[in-house]
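I have placed the structure first, in the form of structure tokens, so that the comments after it can refer back to it.
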Amino acid sequence: MAGMELSSSAFSDHSMIPRRHAHDADNVSPPLTWSGVPDEAEELVLLCEDPDAPSGTFVHWLVTGIDPRAGGLDAGETPQGGQPHRNGFGERGWGGPQPPVGDDAHRYFFRLYALPEPVSLPDRVTAEDAHAVLDRRQLASGTIVGLYQR
């Protein structure tokens, strides 16, 4: 399986996500860029999750239907052609980091999947159910991890 490169101008891999992206601040999704999308990809899916959440892996962002020709998105944007789903807060689209006060920094995994055909996921889906579908269908994927602490 091939890998895609996923990055952000707001933070580097395994570094702190700026506060403006947090749920209790401006709640603006971070800018992302990507490359290495396989030619045969029909759809991209973006998933951001926090596996360190006290109640289990928390979905912060799930967007399906992203145009495989898109190369990224600016802060606060929905990816080109993308269909935002409900996040763990029950809101549609981005729901920024909000770990419990005093916790060690949580890890936020941003994963971009290239798929050979469009996928159908429920509007509100758990991270585990999303992985059950996406991990086995992917042509390629890319990951960047951001950290956040309150």
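In the structure tokens, each chain is lettered A, B, ... as it comes, each chain's residues begin at 1, and ligands are numbered from 1 in order of appearance.
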Find the residues near A:Val133: any atom within 10 Å, counting only C-alpha atoms, skip ones fewer than 4 places away on the same chain, and give them as a VMD selection string.
chain A and resid 119 to 121 128 to 129 137 to 138
Could the residues in this selection be saved with all heavy atoms as a short mmCIF file (atom, residue, chain, number, x, y, z; two decimals), in the first residue's frame?
```cif
data_model
loop_
_atom_site.label_atom_id
_atom_site.label_comp_id
_atom_site.auth_asym_id
_atom_site.auth_seq_id
_atom_site.Cartn_x
_atom_site.Cartn_y
_atom_site.Cartn_z
N VAL A 119 -17.52 5.86 -0.56
CA VAL A 119 -17.90 5.07 0.60
C VAL A 119 -19.13 5.72 1.25
O VAL A 119 -19.31 6.93 1.17
CB VAL A 119 -16.73 4.99 1.61
CG1 VAL A 119 -16.43 6.34 2.22
CG2 VAL A 119 -17.00 3.97 2.69
N SER A 120 -19.95 4.89 1.86
CA SER A 120 -21.11 5.38 2.57
C SER A 120 -20.91 5.12 4.06
O SER A 120 -20.76 3.97 4.48
CB SER A 120 -22.37 4.66 2.08
OG SER A 120 -23.49 5.09 2.80
N LEU A 121 -20.87 6.20 4.83
CA LEU A 121 -20.75 6.09 6.28
C LEU A 121 -21.93 6.83 6.90
O LEU A 121 -22.39 7.84 6.35
CB LEU A 121 -19.44 6.72 6.77
CG LEU A 121 -18.15 5.99 6.40
CD1 LEU A 121 -16.94 6.85 6.76
CD2 LEU A 121 -18.07 4.64 7.11
N GLU A 128 -14.04 3.65 15.58
CA GLU A 128 -13.83 2.22 15.34
C GLU A 128 -14.59 1.75 14.11
O GLU A 128 -14.06 1.00 13.28
CB GLU A 128 -14.26 1.39 16.57
CG GLU A 128 -13.39 1.60 17.78
CD GLU A 128 -13.68 2.90 18.56
OE1 GLU A 128 -14.73 3.57 18.32
OE2 GLU A 128 -12.84 3.27 19.39
N ASP A 129 -15.85 2.21 13.96
CA ASP A 129 -16.64 1.82 12.79
C ASP A 129 -16.08 2.44 11.51
O ASP A 129 -16.08 1.81 10.45
CB ASP A 129 -18.11 2.22 12.97
CG ASP A 129 -18.82 1.35 14.01
OD1 ASP A 129 -18.30 0.27 14.38
OD2 ASP A 129 -19.91 1.77 14.48
N ARG A 137 -10.40 -0.72 2.86
CA ARG A 137 -10.69 -0.29 1.48
C ARG A 137 -9.64 0.65 0.91
O ARG A 137 -9.63 0.91 -0.30
CB ARG A 137 -12.04 0.41 1.42
CG ARG A 137 -13.20 -0.51 1.69
CD ARG A 137 -14.49 0.22 1.46
NE ARG A 137 -15.60 -0.63 1.81
CZ ARG A 137 -16.86 -0.27 1.72
NH1 ARG A 137 -17.16 0.94 1.30
NH2 ARG A 137 -17.81 -1.09 2.06
N GLN A 138 -8.78 1.19 1.72
CA GLN A 138 -7.87 2.24 1.27
C GLN A 138 -6.87 1.78 0.22
O GLN A 138 -6.36 0.66 0.27
CB GLN A 138 -7.14 2.83 2.47
CG GLN A 138 -6.20 1.86 3.14
CD GLN A 138 -5.44 2.50 4.28
OE1 GLN A 138 -4.84 3.55 4.09
NE2 GLN A 138 -5.48 1.89 5.45
#
```
For A:Ile66, please output as a PDB file with N, CA, C and O atoms, in the first residue's frame all residues within 6 Å (counting only C-alpha atoms; exclusion window: fewer than 6 positions along the same chain).
```pdb
ATOM      1  N   GLU A  43     -12.211   8.849  -4.336  1.00  0.00           N
ATOM      2  CA  GLU A  43     -12.684   9.658  -3.217  1.00  0.00           C
ATOM      3  C   GLU A  43     -11.605   9.699  -2.150  1.00  0.00           C
ATOM      4  O   GLU A  43     -10.873   8.725  -1.959  1.00  0.00           O
ATOM      5  N   LEU A  44     -11.529  10.838  -1.451  1.00  0.00           N
ATOM      6  CA  LEU A  44     -10.698  10.958  -0.262  1.00  0.00           C
ATOM      7  C   LEU A  44     -11.614  11.118   0.940  1.00  0.00           C
ATOM      8  O   LEU A  44     -12.703  11.698   0.836  1.00  0.00           O
ATOM      9  N   GLN A  80     -12.681  20.388  -0.737  1.00  0.00           N
ATOM     10  CA  GLN A  80     -13.405  20.449  -2.007  1.00  0.00           C
ATOM     11  C   GLN A  80     -14.229  19.186  -2.232  1.00  0.00           C
ATOM     12  O   GLN A  80     -13.706  18.082  -2.238  1.00  0.00           O
ATOM     13  N   GLY A  81     -15.539  19.363  -2.410  1.00  0.00           N
ATOM     14  CA  GLY A  81     -16.445  18.249  -2.657  1.00  0.00           C
ATOM     15  C   GLY A  81     -16.825  17.496  -1.399  1.00  0.00           C
ATOM     16  O   GLY A  81     -17.635  16.577  -1.446  1.00  0.00           O
ATOM     17  N   GLY A  82     -16.248  17.858  -0.270  1.00  0.00           N
ATOM     18  CA  GLY A  82     -16.426  17.096   0.966  1.00  0.00           C
ATOM     19  C   GLY A  82     -17.788  17.240   1.618  1.00  0.00           C
ATOM     20  O   GLY A  82     -18.438  18.280   1.523  1.00  0.00           O
TER      21      GLY A  82
END
```
Do you know which residues are at most 6 Å from stretch 57-59 of chain A counting only C-alpha atoms, after dropping those on the same chain fewer than 3 positions away, and could you put them as a CSV table (one decimal) with all heavy atoms, in the first residue's frame?
```
chain,number,residue,atom,x,y,z
A,49,GLU,N,-9.2,12.1,15.0
A,49,GLU,CA,-9.6,11.4,16.2
A,49,GLU,C,-8.6,11.6,17.3
A,49,GLU,O,-7.4,11.8,17.1
A,49,GLU,CB,-9.8,10.0,15.9
A,49,GLU,CG,-8.6,9.3,15.4
A,49,GLU,CD,-8.8,7.9,14.9
A,49,GLU,OE1,-9.4,7.1,15.6
A,49,GLU,OE2,-8.3,7.6,13.8
A,50,ASP,N,-9.2,11.5,18.5
A,50,ASP,CA,-8.4,11.6,19.8
A,50,ASP,C,-8.5,10.3,20.5
A,50,ASP,O,-9.5,10.0,21.1
A,50,ASP,CB,-8.9,12.7,20.7
A,50,ASP,CG,-8.3,12.8,22.0
A,50,ASP,OD1,-7.3,12.0,22.3
A,50,ASP,OD2,-8.7,13.6,22.9
A,51,PRO,N,-7.5,9.4,20.4
A,51,PRO,CA,-7.5,8.1,21.1
A,51,PRO,C,-7.3,8.2,22.6
A,51,PRO,O,-7.5,7.2,23.3
A,51,PRO,CB,-6.4,7.3,20.4
A,51,PRO,CG,-5.4,8.3,20.0
A,51,PRO,CD,-6.2,9.5,19.6
A,53,ALA,N,-9.0,10.3,24.6
A,53,ALA,CA,-10.2,10.8,25.3
A,53,ALA,C,-10.6,9.8,26.4
A,53,ALA,O,-10.5,8.6,26.2
A,53,ALA,CB,-11.3,11.0,24.3
A,87,ASN,N,-19.5,15.2,14.4
A,87,ASN,CA,-18.4,14.8,15.3
A,87,ASN,C,-18.9,14.4,16.6
A,87,ASN,O,-20.1,14.3,16.9
A,87,ASN,CB,-17.4,16.0,15.4
A,87,ASN,CG,-18.0,17.3,16.0
A,87,ASN,OD1,-18.8,17.2,16.9
A,87,ASN,ND2,-17.8,18.4,15.4
A,88,GLY,N,-18.0,14.1,17.5
A,88,GLY,CA,-18.3,13.6,18.8
A,88,GLY,C,-19.1,14.6,19.7
A,88,GLY,O,-19.7,14.2,20.7
A,127,ALA,N,-15.2,6.2,15.7
A,127,ALA,CA,-13.9,6.0,15.1
A,127,ALA,C,-13.6,4.5,14.7
A,127,ALA,O,-13.1,4.2,13.6
A,127,ALA,CB,-12.8,6.5,16.0
```
List as a tab-separated table (two decimals) with N, CA, C and O atoms, in the first residue's frame the protein and nucleic acid residues near A:His21, meaning an atom at most 9 Å away when only C-alpha atoms are counted, but skip any in the same chain fewer than 2 places from it.
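part.tsv, written as the output of this step:
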```
chain	number	residue	atom	x	y	z
A	17	ILE	N	-0.87	21.79	18.58
A	17	ILE	CA	-1.86	22.45	17.73
A	17	ILE	C	-2.15	23.82	18.36
A	17	ILE	O	-2.39	23.92	19.56
A	18	PRO	N	-2.11	24.90	17.57
A	18	PRO	CA	-2.39	26.23	18.13
A	18	PRO	C	-3.79	26.32	18.73
A	18	PRO	O	-4.75	25.71	18.25
A	19	ARG	N	-3.91	27.12	19.78
A	19	ARG	CA	-5.16	27.26	20.53
A	19	ARG	C	-6.34	27.67	19.66
A	19	ARG	O	-7.47	27.27	19.91
A	23	HIS	N	-11.70	23.64	20.47
A	23	HIS	CA	-13.15	23.75	20.54
A	23	HIS	C	-13.59	24.91	21.42
A	23	HIS	O	-14.57	25.58	21.12
A	24	ASP	N	-12.87	25.17	22.51
A	24	ASP	CA	-13.25	26.24	23.42
A	24	ASP	C	-12.55	27.57	23.09
A	24	ASP	O	-12.56	28.50	23.90
A	25	ALA	N	-11.97	27.66	21.91
A	25	ALA	CA	-11.39	28.91	21.43
A	25	ALA	C	-12.14	29.29	20.14
A	25	ALA	O	-13.36	29.32	20.14
A	26	ASP	N	-11.42	29.52	19.04
A	26	ASP	CA	-12.08	29.90	17.79
A	26	ASP	C	-12.70	28.70	17.05
A	26	ASP	O	-13.50	28.88	16.15
A	27	ASN	N	-12.27	27.49	17.40
A	27	ASN	CA	-12.79	26.26	16.80
A	27	ASN	C	-12.69	26.28	15.27
A	27	ASN	O	-13.63	25.92	14.56
A	28	VAL	N	-11.54	26.71	14.77
A	28	VAL	CA	-11.28	26.78	13.33
A	28	VAL	C	-10.44	25.57	12.95
A	28	VAL	O	-9.39	25.31	13.55
A	29	SER	N	-10.90	24.83	11.96
A	29	SER	CA	-10.13	23.66	11.52
A	29	SER	C	-8.77	24.11	10.98
A	29	SER	O	-8.65	25.19	10.40
A	30	PRO	N	-7.74	23.30	11.18
A	30	PRO	CA	-6.40	23.69	10.71
A	30	PRO	C	-6.27	23.52	9.19
A	30	PRO	O	-6.96	22.71	8.58
A	75	ALA	N	-7.46	26.97	6.48
A	75	ALA	CA	-8.06	26.94	7.81
A	75	ALA	C	-9.53	27.31	7.72
A	75	ALA	O	-9.92	28.22	6.99
A	76	GLY	N	-10.36	26.57	8.42
A	76	GLY	CA	-11.78	26.85	8.47
A	76	GLY	C	-12.59	26.38	7.28
A	76	GLY	O	-13.80	26.59	7.24
A	95	GLY	N	-14.74	19.82	15.08
A	95	GLY	CA	-14.89	20.07	16.50
A	95	GLY	C	-13.51	19.97	17.11
A	95	GLY	O	-12.95	18.90	17.23
A	96	GLY	N	-12.92	21.09	17.42
A	96	GLY	CA	-11.52	21.14	17.83
A	96	GLY	C	-11.21	20.43	19.14
A	96	GLY	O	-12.10	19.99	19.87
A	97	PRO	N	-9.92	20.33	19.44
A	97	PRO	CA	-9.48	19.68	20.67
A	97	PRO	C	-10.09	20.31	21.92
A	97	PRO	O	-10.23	21.53	21.99
```
Kindly give the distance, in Å, that separates atom CA of A:His14 and atom CA of A:His60, rounded to a single decimal.
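Separation of atom CA of A:His14 and atom CA of A:His60: 17.1 Å.
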From the DSSP assignment of the backbone, select every residue of chain A that is alpha helix (DSSP H), and format the answer as number ranges by chain.
A: 127-137
Nearest to A:Cys48 by atom-to-atom distance, counting only C-alpha atoms, from A:His131, A:Arg69, A:Arg136, A:Arg111
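The answer is A:Arg111, which sits nearest to A:Cys48.
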Neighbouring residues of A:Ser7 were defined as those with any atom within 9 Å, considering only C-alpha atoms; residues of the same chain fewer than 4 positions away were excluded. Please report them as a PDB file with C-alpha atoms, in the first residue's frame.
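Dumped to out-v9.pdb:
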```pdb
ATOM      1  CA  PHE A  11       1.677  22.564  13.312  1.00  0.00           C
ATOM      2  CA  SER A  12       4.326  19.949  12.600  1.00  0.00           C
ATOM      3  CA  ASP A  13       3.931  16.228  13.145  1.00  0.00           C
ATOM      4  CA  PRO A  31      -5.078  24.102   7.166  1.00  0.00           C
ATOM      5  CA  LEU A  32      -3.946  20.839   5.573  1.00  0.00           C
ATOM      6  CA  THR A  33      -2.090  19.943   2.394  1.00  0.00           C
ATOM      7  CA  TRP A  34      -1.504  16.549   0.862  1.00  0.00           C
ATOM      8  CA  GLY A 142      -1.362   9.702   5.161  1.00  0.00           C
ATOM      9  CA  THR A 143      -1.257  10.756   8.799  1.00  0.00           C
ATOM     10  CA  ILE A 144      -0.139  13.744  10.820  1.00  0.00           C
TER      11      ILE A 144
END
```
Atom pair atom CA of A:Ala132 / atom CA of A:Pro100: separation (Å)
27.6 Å
Pick from A:Arg20, A:Trp61, A:Glu40, A:Gly56 nearest to A:Phe110, counting only C-alpha atoms
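Of A:Arg20, A:Trp61, A:Glu40, A:Gly56, the one nearest A:Phe110, counting only C-alpha atoms, is A:Trp61.
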What gap, in Å, lies between atom CA of A:Leu6 and atom CA of A:Gly36?
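About the pair atom CA of A:Leu6 and atom CA of A:Gly36: they are 9.1 Å apart.
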Between A:Ala105, A:Val145, A:Ala140, A:Ala10, which is the closest to A:Asp52 once you count only C-alpha atoms?
A:Ala105
Residue nearest A:Ala114 - candidates A:Gln149, A:Thr78, A:Ser8, A:Thr64, atoms counted: only C-alpha atoms
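Smallest separation from A:Ala114 among the options: A:Thr64.
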For each of A:Asp123, A:Arg150, A:Pro99, A:Ser141, take the minimum atom-to-atom distance to A:Pro54, counting only C-alpha atoms, then give the residue where this is smallest.
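Of A:Asp123, A:Arg150, A:Pro99, A:Ser141, the one nearest A:Pro54, counting only C-alpha atoms, is A:Pro99.
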Could you give me the residues within stretch 2-150 of chain A that DSSP places in strand (DSSP E or B), as a ChimeraX atom specification?
/A:2-3,5-7,15-16,32-35,43-50,58-66,72-73,83-84,86,92,106-115,124,140-148
Shortest interatomic distance to A:Glu117 - which of A:Gly102, A:Pro79, A:Pro84, A:Gly65, counting only C-alpha atoms
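Answer, going by the shortest atom-to-atom distance: A:Gly65.
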